[in-house]
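This report concerns only the one structure given below.
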Amino acid sequence: MTNSPLWLAQIQFFTSLGFLSLFLLLELGLAWLLVYFKLRAVSPGQRVCFIQAYRFWARIFALTSILALAAGFPVLIQLGTLWPGLMARIGEVAGPLLAAAVLTTFIMKSCFLGAMLFGQRRMSDRAHTLVVVMVACGTSLALFWVLALFAWMQAPAGGQFLEGRYQVTSWFDALFSPFLFTFVWMTLALALFGAAFMMIGVTARQSLWQPVDDSHRQVFRTGLFAAVLSSTCLIGALGVYSQQVAELQPGKAAATAAYWQTGTRPDMALFGWPSEAQQITRGALAIPSLGRFALGRDEMGRAVGLDEFAGMHAPVALTFWSWRFLILVVVLAWVLGVWFLFRLRRKSFDISAISQRMRRGFSGLTYLGLPVFVFWLAYVWFGQLPYAVNGSVTTTEILTVTGAGEIFAGLLAYSAVYVLFFVAFIRLVRYFMRYGVIPVGRQRGRA
């Protein structure tokens, strides 16, 4: 490790960004599933079970919303403490987008979130459903501004890099950069994926502790269908993203395939251990010529290898494995989802009709979204290195002058806080699973 402060800063920022992403995506996925529960509650025959489902999952949504808001502050702080040179170079693009995200979050949480969580007894069902929809839309819009900035940093557009900083020439091009649609697609699918498997796992554990009612059955059914839908969308989005990476980030594509020399046969190593020092992949299990579909091309039409980038490419092993683990988990989740979908169809997706052993297996899937979020973020973040803004601004030139010891101490402190909050979140969710929530009837006047 030739630059310890740089790597420690990257790990610290990745840790904070990962913690934020976990709860932001759960918040987004649960927000839209709560909208679904409210809309389904309109049906007279299913009103009671979907209202019960809404009330239970609104509590978990509230937890994710609070933690997502709290996790956003360290990320904003570390943008200044770890990367003080970044805003000087991209402030004209990043400033308005971050301001829009903060403003949207403030408006959504101050105007609608409180009414959603505490105002159900004081307004009509239609008004409250509208409030729930507005919360979901506000959460989506706030995340959109962040995604727009993140996508722009992957493929800068709509600006010129003059005198060491970006100047916007077209806000439309800057906002709708080439990766934006794919990032939005991926984010919605990831959010639904995480929330769906959480619903499956929580409902499975509840069925072991409590009598199963119609709300449990409907939540389990919803989670199962959402898991299959989201994993299918993820597979499609990853295919599109790999083609965009090959076109716009050929160095990252070469690191993903561990393709070392331009002009050689572009085999795709499914597994193996890439060695940057020797420029080989040890123990590689490769499919001949498959890499030509996922690699960039030079002017002569040859697949572009890592030798073309003179060391200015992503860490190969980290990029190589994060992509493969991501694909592996998503594909396995899709296979499991489809298999259980067809197997439980004969039992009307009734969780009480399956064995306790299988229900315990389902409960183990509660946090399956976590590794998927981590692998995706690792591939996007570390796969862009050594650049903070692709092709122009490197992480080295925006790094703080703080020493490795101080950065390492900060990493330990932040990690301890994140572990504490995550354990507390799991314990609260477990408490809700065991004891549920207290039904509250509608009352007029004061509560």
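Ligands are numbered from 1 in the order shown, chains are lettered A, B, ... in the order of the structure tokens, and residues start at 1 in each chain.
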7 Å contact set for A:Phe220, only C-alpha atoms, chain neighbours under 3 positions out, as a list in words: Met199, Ile200, Thr203, His216, Arg217, Gly223 and Leu224 of chain A
Name the residues in contact with stretch 417-431 of chain A at a cut-off of 8 Å, using only C-alpha atoms, excluding same-chain residues fewer than 5 positions from it; report them as a PDB file with all heavy atoms, in the first residue's frame.
```
ATOM      1  N   PHE A  19     -23.018   2.980   4.691  1.00  0.00           N
ATOM      2  CA  PHE A  19     -24.021   3.037   5.762  1.00  0.00           C
ATOM      3  C   PHE A  19     -25.206   3.907   5.347  1.00  0.00           C
ATOM      4  O   PHE A  19     -26.366   3.554   5.565  1.00  0.00           O
ATOM      5  CB  PHE A  19     -23.379   3.585   7.034  1.00  0.00           C
ATOM      6  CG  PHE A  19     -24.261   3.520   8.247  1.00  0.00           C
ATOM      7  CD1 PHE A  19     -24.484   2.324   8.904  1.00  0.00           C
ATOM      8  CD2 PHE A  19     -24.866   4.672   8.739  1.00  0.00           C
ATOM      9  CE1 PHE A  19     -25.291   2.261  10.025  1.00  0.00           C
ATOM     10  CE2 PHE A  19     -25.674   4.627   9.858  1.00  0.00           C
ATOM     11  CZ  PHE A  19     -25.886   3.405  10.506  1.00  0.00           C
ATOM     12  N   ILE A  60     -41.038   0.470  10.818  1.00  0.00           N
ATOM     13  CA  ILE A  60     -39.696   0.158  10.316  1.00  0.00           C
ATOM     14  C   ILE A  60     -39.245   1.227   9.324  1.00  0.00           C
ATOM     15  O   ILE A  60     -38.074   1.616   9.297  1.00  0.00           O
ATOM     16  CB  ILE A  60     -39.684  -1.247   9.693  1.00  0.00           C
ATOM     17  CG1 ILE A  60     -40.020  -2.295  10.760  1.00  0.00           C
ATOM     18  CG2 ILE A  60     -38.331  -1.540   9.054  1.00  0.00           C
ATOM     19  CD1 ILE A  60     -40.046  -3.712  10.262  1.00  0.00           C
ATOM     20  N   LEU A  63     -37.851   4.102  11.237  1.00  0.00           N
ATOM     21  CA  LEU A  63     -36.479   3.847  11.696  1.00  0.00           C
ATOM     22  C   LEU A  63     -35.474   4.081  10.572  1.00  0.00           C
ATOM     23  O   LEU A  63     -34.430   4.723  10.779  1.00  0.00           O
ATOM     24  CB  LEU A  63     -36.359   2.412  12.203  1.00  0.00           C
ATOM     25  CG  LEU A  63     -37.001   2.083  13.546  1.00  0.00           C
ATOM     26  CD1 LEU A  63     -36.851   0.600  13.838  1.00  0.00           C
ATOM     27  CD2 LEU A  63     -36.381   2.902  14.658  1.00  0.00           C
ATOM     28  N   GLY A 436     -45.003  -6.984  17.654  1.00  0.00           N
ATOM     29  CA  GLY A 436     -45.887  -6.267  16.749  1.00  0.00           C
ATOM     30  C   GLY A 436     -46.068  -4.821  17.163  1.00  0.00           C
ATOM     31  O   GLY A 436     -45.268  -4.244  17.893  1.00  0.00           O
TER      32      GLY A 436
END
```
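Checking A:Arg324, A:Phe150, A:Phe172, A:Trp334 one by one against A:Gly236, counting only C-alpha atoms, you find the shortest gap at A:Trp334.
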Mind pulling up the distance from atom CA of A:Gly29 to atom CA of A:Ala195? 5.3 Å
Check the smallest atom-to-atom distance from each of A:Thr139, A:Gln160, A:Thr104, A:Thr187 to A:Gly369 using only C-alpha atoms, then report the winner.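 Under the stated criterion, the closest residue is A:Thr187.
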